[in-house]
$ cat input.txt   # compact mmCIF, C-alpha atoms (C1' of nucleotides)
# COMPACT_ATOMS: atom_id res chain seq x y z
CA MET A 1 -13.16 -4.97 3.87
CA LYS A 2 -9.42 -4.89 3.68
CA ASN A 3 -8.67 -1.27 4.50
CA PRO A 4 -7.15 -1.11 8.02
CA LEU A 5 -8.84 2.25 8.47
CA GLY A 6 -11.98 0.18 9.04
CA MET A 7 -10.28 -1.39 12.04
CA ALA A 8 -9.36 2.02 13.36
CA VAL A 9 -12.98 3.15 13.09
CA LEU A 10 -14.21 0.10 14.99
CA GLY A 11 -11.57 0.74 17.62
CA LEU A 12 -12.70 4.32 18.08
CA LEU A 13 -16.39 3.45 18.26
CA LEU A 14 -15.56 0.98 20.99
CA GLU A 15 -15.07 4.00 23.22
CA SER A 16 -18.01 6.13 22.11
CA PRO A 17 -20.25 6.87 19.12
CA LEU A 18 -18.83 9.41 16.70
CA HIS A 19 -19.44 11.03 13.34
CA PRO A 20 -16.83 10.53 10.60
CA HIS A 21 -15.28 13.96 10.87
CA ALA A 22 -14.75 13.46 14.58
CA MET A 23 -13.15 10.08 13.89
CA ALA A 24 -10.58 11.65 11.61
CA ALA A 25 -9.93 14.44 14.09
CA THR A 26 -9.45 12.01 16.97
CA LEU A 27 -7.14 9.74 14.99
CA ARG A 28 -4.98 12.72 14.11
CA GLU A 29 -4.94 14.11 17.64
CA ARG A 30 -3.70 10.81 18.97
CA GLY A 31 -1.05 10.54 16.30
CA MET A 32 -2.65 7.39 14.95
CA ASP A 33 -2.36 8.83 11.47
CA ARG A 34 1.16 7.45 11.55
CA ALA A 35 -0.22 3.93 11.62
CA PHE A 36 -3.37 4.42 9.55
CA LYS A 37 -3.70 6.29 6.30
CA VAL A 38 -6.43 8.76 7.19
CA THR A 39 -7.87 10.37 4.07
CA THR A 40 -11.32 11.90 4.20
CA GLY A 41 -12.54 10.30 1.01
CA SER A 42 -11.57 6.81 2.09
CA LEU A 43 -13.00 7.35 5.53
CA TYR A 44 -16.53 7.88 4.25
CA ASP A 45 -16.19 4.88 1.93
CA VAL A 46 -14.97 2.72 4.78
CA VAL A 47 -17.80 3.80 7.06
CA ARG A 48 -20.30 2.87 4.36
CA ALA A 49 -18.65 -0.53 4.00
CA LEU A 50 -18.79 -1.14 7.75
CA MET A 51 -22.50 -0.35 7.62
CA ARG A 52 -23.01 -2.84 4.79
CA GLU A 53 -21.34 -5.52 6.87
CA GLY A 54 -23.51 -4.67 9.84
CA TRP A 55 -20.58 -3.86 12.10
CA ILE A 56 -21.70 -0.31 12.79
CA GLU A 57 -25.06 1.46 12.60
CA ALA A 58 -26.28 5.03 12.27
CA ARG A 59 -27.44 6.26 15.62
CA GLU A 60 -28.77 9.69 14.78
CA THR A 61 -28.37 12.45 12.27
CA VAL A 62 -27.84 15.82 13.81
CA LYS A 63 -28.16 19.10 12.04
CA VAL A 64 -26.53 22.14 13.61
CA GLY A 65 -27.20 25.41 11.86
CA ALA A 66 -26.89 25.28 8.09
CA ARG A 67 -23.82 23.05 8.20
CA PRO A 68 -23.77 19.63 6.58
CA GLU A 69 -25.49 17.01 8.70
CA ARG A 70 -23.47 14.90 11.06
CA THR A 71 -24.41 11.26 11.12
CA ILE A 72 -23.31 9.62 14.32
CA TYR A 73 -22.39 5.96 14.16
CA GLN A 74 -22.10 3.35 16.86
CA LEU A 75 -20.75 -0.16 17.11
CA THR A 76 -22.99 -3.23 16.89
CA ALA A 77 -22.37 -6.45 18.80
CA ALA A 78 -21.11 -8.03 15.56
CA GLY A 79 -18.78 -5.06 15.13
CA GLN A 80 -17.23 -5.60 18.54
CA GLU A 81 -16.46 -9.21 17.75
CA GLU A 82 -15.13 -8.33 14.33
CA PHE A 83 -12.78 -5.76 15.79
CA THR A 84 -11.02 -8.31 17.94
CA ARG A 85 -10.91 -10.88 15.14
CA TRP A 86 -9.45 -8.24 12.87
CA VAL A 87 -6.65 -7.24 15.24
CA ASP A 88 -5.92 -10.87 15.99
CA ARG A 89 -5.66 -11.81 12.34
CA LEU A 90 -3.33 -8.95 11.47
CA VAL A 91 -1.06 -9.75 14.39
CA ARG A 92 -1.01 -13.47 13.61
CA GLU A 93 -0.54 -13.43 9.85
CA PRO A 94 2.36 -11.52 8.36
CA GLN A 95 1.18 -9.88 5.15
CA ALA A 96 3.30 -9.45 2.05
CA GLU A 97 4.15 -5.76 2.01
CA PHE A 98 5.79 -3.73 -0.72
CA PRO A 99 7.57 -0.76 0.80
CA LYS A 100 8.87 1.65 -1.80
CA PHE A 101 12.41 1.52 -0.49
CA LEU A 102 12.51 -2.22 -1.10
CA SER A 103 11.60 -1.58 -4.74
CA ALA A 104 14.23 1.09 -5.07
CA VAL A 105 16.97 -0.99 -3.49
CA SER A 106 16.29 -3.67 -6.09
CA TYR A 107 17.66 -1.24 -8.64
CA LEU A 108 20.31 0.40 -6.50
CA GLY A 109 22.87 -0.62 -9.08
CA ALA A 110 21.42 1.88 -11.55
CA LEU A 111 22.75 4.80 -9.49
CA GLY A 112 26.38 3.76 -9.71
CA PRO A 113 28.55 3.53 -6.58
CA ALA A 114 28.94 7.27 -6.10
CA GLY A 115 25.30 8.08 -6.81
CA ALA A 116 24.12 5.32 -4.53
CA VAL A 117 26.25 6.54 -1.65
CA GLU A 118 25.05 10.06 -2.14
CA ALA A 119 21.38 9.10 -2.18
CA LEU A 120 21.73 6.69 0.74
CA ARG A 121 23.44 9.36 2.79
CA GLU A 122 20.56 11.72 2.27
CA ARG A 123 18.09 9.00 3.23
CA ALA A 124 20.06 8.31 6.38
CA GLU A 125 19.97 11.99 7.25
CA ARG A 126 16.23 12.27 6.76
CA LEU A 127 15.67 9.05 8.66
CA ARG A 128 17.63 10.36 11.62
CA ALA A 129 15.67 13.62 11.62
CA SER A 130 12.25 12.01 11.48
CA THR A 131 12.98 9.36 14.10
CA GLU A 132 14.33 12.06 16.33
CA GLU A 133 11.01 13.86 16.09
CA VAL A 134 9.00 10.69 16.63
CA ARG A 135 11.07 9.88 19.69
CA ARG A 136 10.41 13.32 21.14
CA GLU A 137 6.66 13.02 20.65
CA HIS A 138 6.73 9.50 21.98
CA LEU A 139 8.41 10.58 25.17
CA SER A 140 5.89 13.31 25.78
CA ALA A 141 3.02 10.93 25.02
CA LEU A 142 4.36 8.52 27.64
CA GLN A 143 3.84 11.20 30.29
CA GLN A 144 0.15 11.11 29.57
CA VAL A 145 -0.91 7.58 28.66
CA PRO A 146 0.19 4.07 29.62
CA ARG A 147 2.93 2.50 27.57
CA LEU A 148 0.61 -0.11 26.03
CA PHE A 149 -1.40 2.63 24.34
CA VAL A 150 1.58 3.84 22.34
CA ILE A 151 3.35 0.54 21.93
CA GLU A 152 3.18 0.81 18.14
CA VAL A 153 5.60 3.70 18.29
CA GLU A 154 8.19 1.45 19.89
CA TYR A 155 7.77 -0.92 16.99
CA ALA A 156 8.08 1.88 14.45
CA GLU A 157 11.20 3.21 16.15
CA ARG A 158 12.79 -0.20 16.22
CA MET A 159 12.15 -0.72 12.52
CA ALA A 160 13.47 2.72 11.68
CA GLU A 161 16.67 1.97 13.59
CA ALA A 162 17.09 -1.30 11.74
CA GLU A 163 16.71 0.43 8.42
CA LEU A 164 19.11 3.17 9.36
CA GLY A 165 21.63 0.61 10.52
CA TRP A 166 21.41 -1.25 7.24
CA VAL A 167 21.71 1.91 5.16
CA GLU A 168 24.81 3.01 7.03
CA GLU A 169 26.36 -0.40 6.72
CA ILE A 170 25.80 -0.50 2.97
CA ILE A 171 27.24 2.98 2.56
CA GLY A 172 30.34 1.71 4.31
CA GLU A 173 30.57 -1.38 2.15
CA ILE A 174 30.22 0.58 -1.06
CA GLU A 175 32.93 3.02 -0.02
CA SER A 176 35.30 0.30 1.09
CA GLY A 177 34.70 -1.57 -2.15
CA GLU A 178 33.51 -4.59 -0.23
CA LEU A 179 30.27 -4.47 -2.20
CA GLY A 180 31.40 -4.99 -5.79
CA TRP A 181 29.78 -3.02 -8.62
CA PRO A 182 29.59 -5.24 -11.70
CA GLU A 183 28.84 -4.11 -15.32
CA MET B 184 2.77 7.65 -12.00
CA LYS B 185 3.25 6.45 -8.49
CA ASN B 186 3.07 2.70 -8.90
CA PRO B 187 6.58 1.26 -8.36
CA LEU B 188 5.71 -1.44 -10.88
CA GLY B 189 6.32 1.27 -13.46
CA MET B 190 9.89 1.52 -12.23
CA ALA B 191 10.29 -2.23 -12.52
CA VAL B 192 9.08 -2.11 -16.13
CA LEU B 193 11.56 0.62 -17.00
CA GLY B 194 14.29 -1.38 -15.33
CA LEU B 195 13.49 -4.46 -17.38
CA LEU B 196 13.27 -2.58 -20.66
CA LEU B 197 16.71 -1.20 -19.97
CA GLU B 198 18.00 -4.67 -20.78
CA SER B 199 15.83 -5.49 -23.78
CA PRO B 200 12.42 -4.79 -25.34
CA LEU B 201 9.63 -7.00 -24.02
CA HIS B 202 5.90 -7.52 -24.15
CA PRO B 203 3.91 -7.20 -20.91
CA HIS B 204 3.40 -10.89 -20.35
CA ALA B 205 7.14 -11.47 -20.65
CA MET B 206 7.76 -8.67 -18.17
CA ALA B 207 5.59 -10.37 -15.59
CA ALA B 208 7.22 -13.73 -16.25
CA THR B 209 10.73 -12.29 -15.93
CA LEU B 210 9.93 -10.44 -12.73
CA ARG B 211 8.59 -13.64 -11.20
CA GLU B 212 11.50 -15.76 -12.37
CA ARG B 213 13.94 -13.40 -10.73
CA GLY B 214 11.95 -13.30 -7.53
CA MET B 215 11.34 -9.60 -7.93
CA ASP B 216 7.70 -10.20 -7.14
CA ARG B 217 8.79 -9.98 -3.53
CA ALA B 218 9.65 -6.33 -3.99
CA PHE B 219 7.02 -5.36 -6.56
CA LYS B 220 3.37 -6.25 -6.53
CA VAL B 221 3.01 -7.90 -9.91
CA THR B 222 -0.64 -8.22 -10.91
CA THR B 223 -1.56 -8.62 -14.54
CA GLY B 224 -4.30 -6.03 -14.51
CA SER B 225 -2.12 -3.35 -12.99
CA LEU B 226 0.73 -4.21 -15.30
CA TYR B 227 -1.24 -3.32 -18.42
CA ASP B 228 -2.49 -0.12 -16.78
CA VAL B 229 1.04 0.83 -15.84
CA VAL B 230 2.39 0.16 -19.31
CA ARG B 231 -0.30 2.39 -20.77
CA ALA B 232 0.64 5.12 -18.30
CA LEU B 233 4.33 4.85 -19.20
CA MET B 234 3.34 5.27 -22.84
CA ARG B 235 1.31 8.38 -22.02
CA GLU B 236 4.34 9.87 -20.33
CA GLY B 237 6.53 9.03 -23.32
CA TRP B 238 8.91 6.87 -21.31
CA ILE B 239 8.34 3.77 -23.40
CA GLU B 240 7.07 3.21 -26.94
CA ALA B 241 5.52 0.33 -28.85
CA ARG B 242 8.13 -1.22 -31.06
CA GLU B 243 6.10 -3.79 -32.95
CA THR B 244 3.00 -5.85 -32.63
CA VAL B 245 3.56 -9.49 -33.37
CA LYS B 246 0.84 -11.98 -34.10
CA VAL B 247 1.68 -15.66 -33.77
CA GLY B 248 -1.08 -17.98 -34.87
CA ALA B 249 -4.51 -16.97 -33.64
CA ARG B 250 -3.25 -16.00 -30.18
CA PRO B 251 -3.72 -12.51 -28.84
CA GLU B 252 -1.23 -10.07 -30.25
CA ARG B 253 1.95 -9.33 -28.38
CA THR B 254 2.92 -5.70 -28.34
CA ILE B 255 6.60 -5.29 -27.68
CA TYR B 256 7.67 -2.13 -25.89
CA GLN B 257 11.02 -0.44 -25.66
CA LEU B 258 12.52 2.34 -23.60
CA THR B 259 12.83 5.89 -24.90
CA ALA B 260 15.67 8.24 -24.01
CA ALA B 261 13.31 10.07 -21.65
CA GLY B 262 12.43 6.73 -20.09
CA GLN B 263 16.05 5.96 -19.34
CA GLU B 264 16.50 9.24 -17.56
CA GLU B 265 13.27 8.85 -15.68
CA PHE B 266 14.27 5.42 -14.44
CA THR B 267 17.37 6.73 -12.72
CA ARG B 268 15.53 9.72 -11.31
CA TRP B 269 12.84 7.40 -10.00
CA VAL B 270 15.27 5.08 -8.22
CA ASP B 271 17.18 8.02 -6.84
CA ARG B 272 14.07 9.68 -5.47
CA LEU B 273 12.80 6.55 -3.75
CA VAL B 274 16.19 5.93 -2.17
CA ARG B 275 16.57 9.53 -1.05
CA GLU B 276 13.12 10.25 0.32
CA PRO B 277 11.65 7.96 2.96
CA GLN B 278 7.95 7.55 2.25
CA ALA B 279 5.28 7.25 4.90
CA GLU B 280 4.29 3.59 4.82
CA PHE B 281 1.40 1.88 6.56
CA PRO B 282 2.27 -1.76 7.15
CA LYS B 283 -0.70 -3.73 8.44
CA PHE B 284 1.19 -4.97 11.47
CA LEU B 285 1.74 -1.40 12.62
CA SER B 286 -2.02 -0.84 12.50
CA ALA B 287 -2.67 -4.01 14.43
CA VAL B 288 -0.08 -3.27 17.10
CA SER B 289 -1.85 0.03 17.74
CA TYR B 290 -4.73 -2.01 19.09
CA LEU B 291 -2.75 -4.83 20.65
CA GLY B 292 -4.43 -4.04 23.96
CA ALA B 293 -7.75 -5.34 22.60
CA LEU B 294 -6.46 -8.91 22.65
CA GLY B 295 -5.73 -8.99 26.36
CA PRO B 296 -2.35 -10.17 27.67
CA ALA B 297 -2.95 -13.87 27.03
CA GLY B 298 -4.49 -13.36 23.59
CA ALA B 299 -1.73 -10.99 22.56
CA VAL B 300 0.99 -13.44 23.56
CA GLU B 301 -0.74 -16.23 21.71
CA ALA B 302 -1.12 -14.23 18.50
CA LEU B 303 2.40 -12.81 18.68
CA ARG B 304 3.82 -16.28 19.15
CA GLU B 305 2.13 -17.46 16.00
CA ARG B 306 3.42 -14.46 14.10
CA ALA B 307 6.92 -15.18 15.33
CA GLU B 308 6.62 -18.75 14.15
CA ARG B 309 5.43 -17.76 10.69
CA LEU B 310 8.08 -15.08 10.47
CA ARG B 311 10.81 -17.58 11.25
CA ALA B 312 9.49 -20.01 8.64
CA SER B 313 9.25 -17.46 5.85
CA THR B 314 12.62 -15.85 6.51
CA GLU B 315 14.17 -19.29 6.59
CA GLU B 316 12.82 -19.90 3.10
CA VAL B 317 13.93 -16.50 1.84
CA ARG B 318 17.40 -17.10 3.21
CA ARG B 319 17.63 -20.43 1.41
CA GLU B 320 16.61 -18.91 -1.93
CA HIS B 321 18.93 -15.98 -1.34
CA LEU B 322 21.89 -18.25 -0.81
CA SER B 323 21.22 -20.17 -3.99
CA ALA B 324 20.71 -16.93 -5.92
CA LEU B 325 24.11 -15.73 -4.74
CA GLN B 326 25.72 -18.68 -6.52
CA GLN B 327 24.44 -17.32 -9.79
CA VAL B 328 24.44 -13.53 -9.71
CA PRO B 329 26.59 -10.83 -8.08
CA ARG B 330 25.59 -9.71 -4.63
CA LEU B 331 24.52 -6.26 -5.80
CA PHE B 332 21.77 -7.79 -7.92
CA VAL B 333 20.06 -9.30 -4.92
CA ILE B 334 20.95 -6.69 -2.36
CA GLU B 335 17.28 -5.98 -1.65
CA VAL B 336 16.98 -9.41 -0.11
CA GLU B 337 19.61 -8.49 2.46
CA TYR B 338 17.52 -5.49 3.37
CA ALA B 339 14.36 -7.57 3.61
CA GLU B 340 16.08 -10.13 5.81
CA ARG B 341 17.44 -7.46 8.10
CA MET B 342 14.02 -5.91 8.54
CA ALA B 343 12.43 -9.29 9.17
CA GLU B 344 15.01 -10.00 11.86
CA ALA B 345 14.32 -6.67 13.51
CA GLU B 346 10.61 -7.36 13.57
CA LEU B 347 11.08 -10.84 14.93
CA GLY B 348 13.37 -9.51 17.62
CA TRP B 349 10.83 -6.94 18.68
CA VAL B 350 7.98 -9.44 18.72
CA GLU B 351 9.94 -11.84 20.91
CA GLU B 352 10.92 -9.07 23.26
CA ILE B 353 7.34 -7.92 23.68
CA ILE B 354 6.16 -11.47 24.31
CA GLY B 355 8.72 -11.64 27.08
CA GLU B 356 7.66 -8.32 28.58
CA ILE B 357 4.00 -9.27 28.57
CA GLU B 358 4.71 -12.57 30.27
CA SER B 359 6.98 -11.04 32.87
CA GLY B 360 4.40 -8.37 33.57
CA GLU B 361 6.90 -5.67 32.69
CA LEU B 362 4.44 -4.35 30.10
CA GLY B 363 1.43 -3.34 32.16
CA TRP B 364 -2.09 -3.98 30.90
CA PRO B 365 -4.35 -1.13 32.03
CA GLU B 366 -8.18 -1.09 31.95
C1' DC C 367 -4.89 -39.13 -32.69
C1' DT C 368 -7.40 -37.24 -28.97
C1' DC C 369 -7.93 -35.62 -24.66
C1' DC C 370 -6.44 -32.51 -20.73
C1' DG C 371 -3.91 -29.54 -18.14
C1' DA C 372 -0.52 -25.94 -18.44
C1' DT C 373 0.98 -21.90 -20.66
C1' DC C 374 0.25 -17.86 -23.41
C1' DG C 375 -1.37 -13.02 -23.52
C1' DC C 376 -4.68 -9.91 -22.77
C1' DT C 377 -9.38 -7.49 -21.63
C1' DC C 378 -13.01 -6.17 -18.86
C1' DG C 379 -15.47 -3.99 -15.33
C1' DG C 380 -16.48 -3.71 -10.50
C1' DT C 381 -14.52 -1.99 -6.51
C1' DT C 382 -11.58 1.12 -3.91
C1' DC C 383 -9.04 5.12 -3.34
C1' DC C 384 -8.59 9.86 -2.42
C1' DG C 385 -7.79 14.82 -3.07
C1' DA C 386 -9.99 18.87 -4.71
C1' DG C 387 -13.93 21.27 -4.11
C1' DT C 388 -18.14 23.23 -1.50
C1' DA C 389 -20.40 25.66 1.83
C1' DT C 390 -20.96 27.10 6.39
C1' DT C 391 -19.54 28.79 11.10
C1' DT C 392 -16.47 30.15 14.62
C1' DG C 393 -12.89 32.92 16.58
C1' DA C 394 -9.36 36.11 16.54
C1' DT C 395 -7.56 40.54 15.02
C1' DG C 396 -7.29 45.27 13.91
C1' DC D 397 -17.90 45.45 13.44
C1' DA D 398 -15.49 43.98 9.31
C1' DT D 399 -12.44 40.66 7.70
C1' DC D 400 -9.92 36.45 7.27
C1' DA D 401 -7.95 32.20 8.66
C1' DA D 402 -9.17 27.98 10.68
C1' DA D 403 -12.34 24.55 11.75
C1' DT D 404 -16.61 21.92 10.52
C1' DA D 405 -18.54 18.26 7.63
C1' DC D 406 -19.13 16.01 3.65
C1' DT D 407 -19.58 14.99 -1.72
C1' DC D 408 -17.98 13.95 -6.05
C1' DG D 409 -15.84 11.90 -9.94
C1' DG D 410 -11.69 10.65 -12.08
C1' DA D 411 -7.95 7.48 -11.43
C1' DA D 412 -5.91 3.25 -9.93
C1' DC D 413 -6.29 -1.37 -8.77
C1' DC D 414 -6.75 -6.14 -9.74
C1' DG D 415 -8.72 -10.74 -10.24
C1' DA D 416 -11.85 -13.41 -12.94
C1' DG D 417 -12.47 -14.67 -17.33
C1' DC D 418 -11.47 -15.65 -22.29
C1' DG D 419 -9.84 -17.84 -26.18
C1' DA D 420 -6.24 -19.85 -28.09
C1' DT D 421 -2.05 -23.13 -28.41
C1' DC D 422 1.27 -26.57 -26.87
C1' DG D 423 3.04 -30.87 -24.82
C1' DG D 424 2.48 -35.22 -23.19
C1' DA D 425 -0.13 -39.41 -21.60
C1' DG D 426 -2.84 -43.17 -23.09

$ encode --input "input.txt" --output "structure tokens"
Amino acid sequence: MKNPLGMAVLGLLLESPLHPHAMAATLRERGMDRAFKVTTGSLYDVVRALMREGWIEARETVKVGARPERTIYQLTAAGQEEFTRWVDRLVREPQAEFPKFLSAVSYLGALGPAGAVEALRERAERLRASTEEVRREHLSALQQVPRLFVIEVEYAERMAEAELGWVEEIIGEIESGELGWPE
Amino acid sequence: MKNPLGMAVLGLLLESPLHPHAMAATLRERGMDRAFKVTTGSLYDVVRALMREGWIEARETVKVGARPERTIYQLTAAGQEEFTRWVDRLVREPQAEFPKFLSAVSYLGALGPAGAVEALRERAERLRASTEEVRREHLSALQQVPRLFVIEVEYAERMAEAELGWVEEIIGEIESGELGWPE
DNA sequence: CTCCGATCGCTCGGTTCCGAGTATTTGATG
DNA sequence: CATCAAATACTCGGAACCGAGCGATCGGAG
């Protein structure tokens, strides 16, 4: 049980029992698919794993018309505890992450000064566009729910700003020649 | 071919032909295992995939004593091109990433104000310790190689600082009551 | 010279991931 | 009322991932 989507499922079931499809729909509605990778295949795997661990249980299986059955799951007492432990652990312990940009920057030299500037500029542009959109949605979300419920967006925005700042700075240093280009 | 480890392999082979085990060793020596997830199993899978794509080729298979054979791989012309394209693409196009902390922050509310502060404090502490260590290694690396070759560490440090700053700020806002705790 | 731990180099196979596919129903449109 | 896109709900199997394990060699301590 390492997939954070499992945590998201527990978090949702804390509110009310749901069937997997509804979980995915709810996560997307609330924009939580920015924080959790919500893919249908993984979702059903994760739900099965949560069952194995005894953190959730099937409540009923409903059949409406000739559609596929919906199995509705609910949290167990163990699942409630686990949810809190899970959140706590992930907040407490920084995990080694491997963002793709970090990999790419390791080989920035391969692009040559001009190529690097060009590519970084485009990244900066895209970064500005997407944070602009996030900010807009964030603002409108704040009209409807308390700040604590969308606090992760503040974190995401802050990190995006930091990245953008760094990218712009490096562009400047390449252009000014301050960042030497050996070999 | 999505695994960034493939890009790392191409990057290494740009310098000289190597066998997989040597690739892993080199990546670790240079501290690149902070930017790439280097696991032996995946490495051999990735090398096979690069072969399939025609970006690398087996150069020779050497047998020393009764040890397992070492197959030495080298870059093809197509592989060289692909390497640059790969770096360029990852620099240009921000990818949706799902850091675990972002997931956890989405459910920060579950910890309650006191629990959240406690957990965030510990994270801050660990963050400070690990960045301190990275900074030390970075400084000593700079004595030996040009800045461009370890530029990714500057990025990592910047991002770590941003995260730490945010965490400390939120701790403050929880304690001051500025961040309300509904429900 | 004989252990023993470290290093060398790779394979194996169980898990996890995940998108394409399937099959139905609902709702809107002309 | 016929049609078609969107929503409903899940299954399936190939691909990717990755750590434990394996069998050998080397270097040094006693």

$ closest_atom_pairs --input "input.txt" --of "chain B" --to "chain A" --cutoff "6 Å" --atoms "only C-alpha atoms" --output "Markdown table"
| residue | atom | partner | partner_atom | distance |
| --- | --- | --- | --- | --- |
| B:Ala218 | CA | A:Ser103 | CA | 5.2 |
| B:Val270 | CA | A:Ala104 | CA | 5.2 |
| B:Leu273 | CA | A:Ala104 | CA | 5.8 |
| B:Val274 | CA | A:Ala104 | CA | 6.0 |
| B:Arg275 | CA | A:Arg123 | CA | 4.6 |
| B:Glu276 | CA | A:Arg123 | CA | 5.9 |
| B:Phe281 | CA | A:Ala35 | CA | 5.7 |
| B:Leu285 | CA | A:Ala35 | CA | 5.8 |
| B:Ser286 | CA | A:Ala35 | CA | 5.2 |
| B:Ala287 | CA | A:Val87 | CA | 5.2 |
| B:Val288 | CA | A:Glu152 | CA | 5.3 |
| B:Ser289 | CA | A:Glu152 | CA | 5.1 |
| B:Ala302 | CA | A:Arg92 | CA | 4.9 |
| B:Glu305 | CA | A:Arg92 | CA | 5.6 |
| B:Arg306 | CA | A:Arg92 | CA | 4.6 |
| B:Glu335 | CA | A:Ser106 | CA | 5.1 |

$ write_last_selection --input "input.txt" --atoms "C-alpha atoms" --output "PDB file, keeping the file's coordinate frame"
ATOM      1  CA  ALA B 218       9.650  -6.330  -3.990  1.00  0.00           C
ATOM      2  CA  VAL B 270      15.270   5.080  -8.220  1.00  0.00           C
ATOM      3  CA  LEU B 273      12.800   6.550  -3.750  1.00  0.00           C
ATOM      4  CA  VAL B 274      16.190   5.930  -2.170  1.00  0.00           C
ATOM      5  CA  ARG B 275      16.570   9.530  -1.050  1.00  0.00           C
ATOM      6  CA  GLU B 276      13.120  10.250   0.320  1.00  0.00           C
ATOM      7  CA  PHE B 281       1.400   1.880   6.560  1.00  0.00           C
ATOM      8  CA  LEU B 285       1.740  -1.400  12.620  1.00  0.00           C
ATOM      9  CA  SER B 286      -2.020  -0.840  12.500  1.00  0.00           C
ATOM     10  CA  ALA B 287      -2.670  -4.010  14.430  1.00  0.00           C
ATOM     11  CA  VAL B 288      -0.080  -3.270  17.100  1.00  0.00           C
ATOM     12  CA  SER B 289      -1.850   0.030  17.740  1.00  0.00           C
ATOM     13  CA  ALA B 302      -1.120 -14.230  18.500  1.00  0.00           C
ATOM     14  CA  GLU B 305       2.130 -17.460  16.000  1.00  0.00           C
ATOM     15  CA  ARG B 306       3.420 -14.460  14.100  1.00  0.00           C
ATOM     16  CA  GLU B 335      17.280  -5.980  -1.650  1.00  0.00           C
TER      17      GLU B 335
END

$ atom_distance --input "input.txt" --atom1 "atom CA of Gly189 of chain B" --atom2 "atom CA of Met206 of chain B"
11.1 Å

$ residues_near_point --input "input.txt" --point "(8.6, 10.6, 16.1)" --cutoff "10 Å" --atoms "all atoms listed in the file" --output "list in words"
Gly31, Arg34, Ala129, Ser130, Thr131, Glu132, Glu133, Val134, Arg135, Arg136, Glu137, His138, Leu139, Val153, Glu154, Ala156 and Glu157 of chain A

$ closest_residue --input "input.txt" --among "B:Leu195, B:Leu226, B:Ile354, B:Ile255" --to "Ala297 of chain B" --atoms "all atoms listed in the file"
B:Ile354

$ interface_residues --input "input.txt" --of "chain D" --to "chain A" --cutoff "9 Å" --atoms "all atoms listed in the file" --output "ChimeraX atom specification"
/D:404-407

$ closest_residue --input "input.txt" --among "A:Leu14, A:Glu169, A:Tyr73, A:Thr39" --to "chain C" --atoms "all atoms listed in the file"
A:Thr39

$ atom_distance --input "input.txt" --atom1 "atom C1' of DA411 of chain D" --atom2 "atom C1' of DC383 of chain C"
8.5 Å

$ closest_atom_pairs --input "input.txt" --of "chain C" --to "chain B" --cutoff "9 Å" --atoms "all atoms listed in the file" --output "Markdown table"
| residue | atom | partner | partner_atom | distance |
| --- | --- | --- | --- | --- |
| C:DC374 | C1' | B:Arg250 | CA | 7.8 |
| C:DG375 | C1' | B:Pro251 | CA | 5.8 |
| C:DC376 | C1' | B:Pro251 | CA | 6.7 |
| C:DT377 | C1' | B:Gly224 | CA | 8.9 |

$ residues_around --input "input.txt" --residues "DA412 of chain D" --least-positions-apart "6" --cutoff "10 Å" --atoms "only C-alpha atoms (C1' of nucleotides)" --output "MDAnalysis selection string"
(chainID B and resid 184:186 225 228:229) or (chainID C and resid 382:383)

$ closest_residue --input "input.txt" --among "C:DC384, C:DC369, C:DA394, C:DA389" --to "DG410 of chain D" --atoms "all atoms listed in the file"
C:DC384

$ atom_distance --input "input.txt" --atom1 "atom CA of Thr244 of chain B" --atom2 "atom CA of Leu196 of chain B"
16.1 Å

$ residues_near_point --input "input.txt" --point "(12.5, 9.9, -28.0)" --cutoff "12 Å" --atoms "all atoms listed in the file" --output "ChimeraX atom specification"
/B:234,236-241,257-264

$ closest_residue --input "input.txt" --among "C:DT373, C:DT392, C:DC367, C:DG387" --to "DA403 of chain D" --atoms "only C-alpha atoms (C1' of nucleotides)"
C:DT392

$ axis_aligned_box --input "input.txt" --around "segment 398-411 of chain D" --padding-each-side "3 Å" --output "JSON"
{"center_x": -13.8, "center_y": 25.7, "center_z": -0.2, "size_x": 17.6, "size_y": 42.5, "size_z": 29.8}

$ closest_residue --input "input.txt" --among "A:Val64, A:Leu10, A:Leu18, A:Val38" --to "DT391 of chain C" --atoms "all atoms listed in the file"
A:Val64

$ decode --input "input.txt" --residues "segment 121-125 of chain A" --atoms "N, CA, C and O atoms" --output "CSV table (one decimal), in the first residue's frame"
chain,number,residue,atom,x,y,z
A,121,ARG,N,12.8,29.2,-21.9
A,121,ARG,CA,11.9,30.3,-22.1
A,121,ARG,C,10.5,29.7,-22.4
A,121,ARG,O,9.5,30.2,-21.8
A,122,GLU,N,10.4,28.6,-23.2
A,122,GLU,CA,9.1,28.0,-23.4
A,122,GLU,C,8.6,27.4,-22.1
A,122,GLU,O,7.4,27.6,-21.9
A,123,ARG,N,9.4,26.8,-21.4
A,123,ARG,CA,8.9,26.3,-20.1
A,123,ARG,C,8.3,27.4,-19.2
A,123,ARG,O,7.2,27.3,-18.7
A,124,ALA,N,9.1,28.5,-19.1
A,124,ALA,CA,8.6,29.6,-18.3
A,124,ALA,C,7.2,30.1,-18.8
A,124,ALA,O,6.3,30.3,-18.0
A,125,GLU,N,7.1,30.1,-20.1
A,125,GLU,CA,5.8,30.6,-20.7
A,125,GLU,C,4.7,29.6,-20.3
A,125,GLU,O,3.6,30.1,-19.8
